$ cat upload.txt   # compact mmCIF, C-alpha atoms
# COMPACT_ATOMS: atom_id res chain seq x y z
CA MET A 14 -75.80 3.19 -31.63
CA THR A 15 -72.72 4.37 -33.39
CA THR A 16 -70.04 6.28 -31.53
CA ASN A 17 -70.41 9.08 -34.06
CA THR A 18 -74.05 9.64 -33.08
CA ILE A 19 -73.22 9.72 -29.38
CA GLN A 20 -70.25 12.04 -30.00
CA ARG A 21 -72.46 14.38 -32.03
CA LEU A 22 -75.11 14.48 -29.28
CA GLN A 23 -72.45 15.06 -26.61
CA ALA A 24 -70.97 17.91 -28.64
CA TRP A 25 -74.37 19.54 -29.19
CA PHE A 26 -75.17 19.21 -25.48
CA ALA A 27 -71.80 20.65 -24.38
CA GLN A 28 -72.18 23.54 -26.82
CA ASN A 29 -75.48 24.50 -25.20
CA CYS A 30 -74.47 24.12 -21.55
CA ASP A 31 -74.18 27.64 -20.17
CA GLY A 32 -74.59 27.11 -16.44
CA HIS A 33 -78.37 27.55 -16.64
CA TRP A 34 -79.88 25.69 -19.62
CA GLU A 35 -78.73 22.25 -18.45
CA HIS A 36 -80.21 22.72 -14.96
CA SER A 37 -83.85 22.97 -15.98
CA LEU A 38 -83.99 22.17 -19.68
CA GLY A 39 -81.64 19.79 -21.52
CA VAL A 40 -82.02 16.32 -23.00
CA SER A 41 -83.93 13.26 -21.82
CA ILE A 42 -84.06 9.78 -23.30
CA GLN A 43 -86.65 7.41 -21.88
CA SER A 44 -88.48 4.27 -22.78
CA CYS A 45 -92.18 4.38 -23.59
CA ASP A 46 -94.87 1.75 -23.33
CA ASN A 47 -95.61 1.28 -27.04
CA PRO A 48 -92.83 -0.16 -26.65
CA GLY A 49 -90.13 2.16 -27.81
CA TRP A 50 -88.11 5.30 -27.13
CA TRP A 51 -89.00 8.92 -26.46
CA VAL A 52 -86.32 11.58 -26.77
CA LYS A 53 -87.12 15.09 -25.54
CA ILE A 54 -84.72 17.94 -26.19
CA ASP A 55 -85.68 21.34 -24.87
CA ILE A 56 -84.39 23.81 -27.41
CA ARG A 57 -85.56 26.96 -25.62
CA GLY A 58 -82.60 29.26 -25.14
CA THR A 59 -80.56 27.56 -27.89
CA SER A 60 -79.81 28.60 -31.45
CA LEU A 61 -82.54 26.18 -32.56
CA GLU A 62 -85.32 27.91 -30.63
CA HIS A 63 -86.81 29.60 -33.72
CA LYS A 64 -85.69 27.12 -36.37
CA GLN A 65 -88.48 25.36 -38.26
CA PHE A 66 -88.67 21.56 -38.17
CA GLU A 67 -90.72 19.51 -40.60
CA ASN A 68 -92.37 16.59 -38.81
CA VAL A 69 -91.03 13.14 -39.61
CA GLN A 70 -93.67 10.42 -39.32
CA SER A 71 -94.04 6.82 -40.37
CA GLY A 72 -96.20 4.06 -39.01
CA VAL A 73 -98.32 6.47 -36.94
CA ASP A 74 -101.90 7.71 -37.21
CA ASP A 75 -102.95 11.35 -37.62
CA ALA A 76 -102.62 11.89 -33.85
CA GLY A 77 -99.05 10.51 -33.89
CA HIS A 78 -99.90 7.22 -32.19
CA PRO A 79 -98.22 4.05 -33.49
CA ASN A 80 -100.34 1.94 -35.81
CA SER A 81 -97.64 -0.51 -36.89
CA GLU A 82 -94.73 -2.39 -35.31
CA SER A 83 -92.25 -0.12 -37.10
CA TRP A 84 -92.98 3.52 -36.26
CA LEU A 85 -91.34 6.91 -35.88
CA ASN A 86 -92.69 10.33 -34.91
CA CYS A 87 -90.43 13.41 -34.65
CA TYR A 88 -91.93 16.86 -34.08
CA LEU A 89 -91.57 20.19 -32.26
CA CYS A 90 -94.03 21.19 -29.55
CA GLU A 91 -93.80 24.29 -27.36
CA GLY A 92 -90.02 24.60 -27.57
CA VAL A 93 -89.30 20.91 -27.11
CA TRP A 94 -88.07 18.67 -29.93
CA ASN A 95 -89.70 15.26 -29.52
CA GLY A 96 -88.63 12.06 -31.19
CA ALA A 97 -90.40 8.79 -30.51
CA GLY A 98 -90.11 5.47 -32.20
CA ASP A 99 -90.18 1.72 -31.82
CA SER A 100 -87.47 -0.12 -29.89
CA GLU A 101 -85.18 -0.18 -32.97
CA LYS A 102 -85.37 3.57 -33.69
CA LEU A 103 -83.26 5.25 -30.98
CA GLU A 104 -80.34 6.03 -33.26
CA ALA A 105 -82.65 7.14 -36.09
CA ILE A 106 -84.39 9.54 -33.68
CA LEU A 107 -81.08 11.05 -32.57
CA VAL A 108 -79.84 11.34 -36.16
CA HIS A 109 -83.03 13.18 -37.20
CA PHE A 110 -82.42 15.69 -34.41
CA LEU A 111 -78.70 16.07 -35.04
CA ASP A 112 -79.06 16.45 -38.81
CA TRP A 113 -81.64 19.18 -38.22
CA ALA A 114 -79.49 20.83 -35.54
CA ASP A 115 -76.46 20.98 -37.85
$ encode --input "upload.txt" --output "structure tokens"
Amino acid sequence: MTTNTIQRLQAWFAQNCDGHWEHSLGVSIQSCDNPGWWVKIDIRGTSLEHKQFENVQSGVDDAGHPNSESWLNCYLCEGVWNGAGDSEKLEAILVHFLDWAD
């Protein structure tokens, strides 16, 4: 992951910390069993809360489940931006979020 991507995520996070948001909402990055990554960013209470996001999908079926070794699925659901992808897609997931957030 490039330093620039991490710096951008840190800046976005810091900009949204208000003493409340980061306590119950925030950002999580976890592994998933497909195998791969799942990034969840709760955008409720941020400037992105009502911003539209066009799903980004490749290598997944209509339900969003991986159907190839190379896969990516980024979408909004109930105020949470979700980005999931294979083990090589963590930076791509974060860049999709950050480009949309900018």
$ atom_distance --input "upload.txt" --atom1 "atom CA of A:Asp55" --atom2 "atom CA of A:Ser83"
25.6 Å
$ residues_near_point --input "upload.txt" --point "(-89.0, 19.0, -35.4)" --cutoff "9 Å" --atoms "only C-alpha atoms" --output "PyMOL selection string"
chain A and resi 64-69+87-90+93-96+109-110+113
$ residues_near_point --input "upload.txt" --point "(-90.7, 8.1, -34.7)" --cutoff "8 Å" --atoms "only C-alpha atoms" --output "list in words"
Val69, Gln70, Ser71, Trp84, Leu85, Asn86, Cys87, Gly96, Ala97, Gly98, Asp99, Lys102 and Ile106 of chain A
$ atom_distance --input "upload.txt" --atom1 "atom CA of A:Gly92" --atom2 "atom CA of A:Ile56"
5.7 Å
$ closest_residue --input "upload.txt" --among "A:Ser81, A:Ser100, A:Asn29, A:Ser41" --to "A:Arg57" --atoms "only C-alpha atoms"
A:Asn29
$ atom_distance --input "upload.txt" --atom1 "atom CA of A:Glu82" --atom2 "atom CA of A:Asn47"
9.1 Å
$ closest_residue --input "upload.txt" --among "A:Val52, A:Asn80, A:Gln43, A:Ser37" --to "A:Leu22" --atoms "all atoms listed in the file"
A:Val52
$ closest_residue --input "upload.txt" --among "A:Ala27, A:Glu91, A:Val40, A:Leu61" --to "A:Asp115" --atoms "all atoms listed in the file"
A:Leu61
$ closest_residue --input "upload.txt" --among "A:Phe26, A:Ser60, A:Asp31, A:Pro79" --to "A:Asp46" --atoms "only C-alpha atoms"
A:Pro79
$ closest_residue --input "upload.txt" --among "A:Leu107, A:Glu35, A:Ala76, A:His63" --to "A:Asn17" --atoms "all atoms listed in the file"
A:Leu107
$ build_atoms --input "upload.txt" --residues "stretch 67-82 of chain A" --atoms "N, CA and C atoms" --output "PDB file, in the frame of the given file"
ATOM      1  N   GLU A  67     -89.632  20.212 -39.903  1.00  0.00           N
ATOM      2  CA  GLU A  67     -90.720  19.510 -40.600  1.00  0.00           C
ATOM      3  C   GLU A  67     -90.892  18.141 -39.952  1.00  0.00           C
ATOM      4  N   ASN A  68     -92.102  17.860 -39.485  1.00  0.00           N
ATOM      5  CA  ASN A  68     -92.370  16.590 -38.810  1.00  0.00           C
ATOM      6  C   ASN A  68     -91.909  15.410 -39.660  1.00  0.00           C
ATOM      7  N   VAL A  69     -91.425  14.397 -38.970  1.00  0.00           N
ATOM      8  CA  VAL A  69     -91.030  13.140 -39.610  1.00  0.00           C
ATOM      9  C   VAL A  69     -91.920  12.067 -39.001  1.00  0.00           C
ATOM     10  N   GLN A  70     -92.731  11.412 -39.833  1.00  0.00           N
ATOM     11  CA  GLN A  70     -93.670  10.420 -39.320  1.00  0.00           C
ATOM     12  C   GLN A  70     -93.749   9.219 -40.240  1.00  0.00           C
ATOM     13  N   SER A  71     -93.755   8.053 -39.631  1.00  0.00           N
ATOM     14  CA  SER A  71     -94.040   6.820 -40.370  1.00  0.00           C
ATOM     15  C   SER A  71     -94.606   5.804 -39.394  1.00  0.00           C
ATOM     16  N   GLY A  72     -95.574   5.075 -39.849  1.00  0.00           N
ATOM     17  CA  GLY A  72     -96.200   4.060 -39.010  1.00  0.00           C
ATOM     18  C   GLY A  72     -96.993   4.608 -37.846  1.00  0.00           C
ATOM     19  N   VAL A  73     -97.487   5.863 -37.986  1.00  0.00           N
ATOM     20  CA  VAL A  73     -98.320   6.470 -36.940  1.00  0.00           C
ATOM     21  C   VAL A  73     -99.600   7.011 -37.554  1.00  0.00           C
ATOM     22  N   ASP A  74    -100.633   7.151 -36.719  1.00  0.00           N
ATOM     23  CA  ASP A  74    -101.900   7.710 -37.210  1.00  0.00           C
ATOM     24  C   ASP A  74    -101.829   9.236 -37.199  1.00  0.00           C
ATOM     25  N   ASP A  75    -102.917   9.890 -37.536  1.00  0.00           N
ATOM     26  CA  ASP A  75    -102.950  11.350 -37.620  1.00  0.00           C
ATOM     27  C   ASP A  75    -102.639  12.026 -36.286  1.00  0.00           C
ATOM     28  N   ALA A  76    -102.902  11.339 -35.185  1.00  0.00           N
ATOM     29  CA  ALA A  76    -102.620  11.890 -33.850  1.00  0.00           C
ATOM     30  C   ALA A  76    -101.194  11.580 -33.402  1.00  0.00           C
ATOM     31  N   GLY A  77    -100.437  10.841 -34.229  1.00  0.00           N
ATOM     32  CA  GLY A  77     -99.050  10.510 -33.890  1.00  0.00           C
ATOM     33  C   GLY A  77     -98.888   9.234 -33.099  1.00  0.00           C
ATOM     34  N   HIS A  78     -99.967   8.477 -32.943  1.00  0.00           N
ATOM     35  CA  HIS A  78     -99.900   7.220 -32.190  1.00  0.00           C
ATOM     36  C   HIS A  78     -99.508   6.070 -33.119  1.00  0.00           C
ATOM     37  N   PRO A  79     -98.656   5.168 -32.648  1.00  0.00           N
ATOM     38  CA  PRO A  79     -98.220   4.050 -33.490  1.00  0.00           C
ATOM     39  C   PRO A  79     -99.395   3.215 -33.993  1.00  0.00           C
ATOM     40  N   ASN A  80     -99.338   2.856 -35.272  1.00  0.00           N
ATOM     41  CA  ASN A  80    -100.340   1.940 -35.810  1.00  0.00           C
ATOM     42  C   ASN A  80     -99.664   0.805 -36.580  1.00  0.00           C
ATOM     43  N   SER A  81     -98.360   0.618 -36.306  1.00  0.00           N
ATOM     44  CA  SER A  81     -97.640  -0.510 -36.890  1.00  0.00           C
ATOM     45  C   SER A  81     -96.486  -0.852 -35.941  1.00  0.00           C
ATOM     46  N   GLU A  82     -95.853  -1.995 -36.167  1.00  0.00           N
ATOM     47  CA  GLU A  82     -94.730  -2.390 -35.310  1.00  0.00           C
ATOM     48  C   GLU A  82     -93.517  -1.505 -35.546  1.00  0.00           C
TER      49      GLU A  82
END
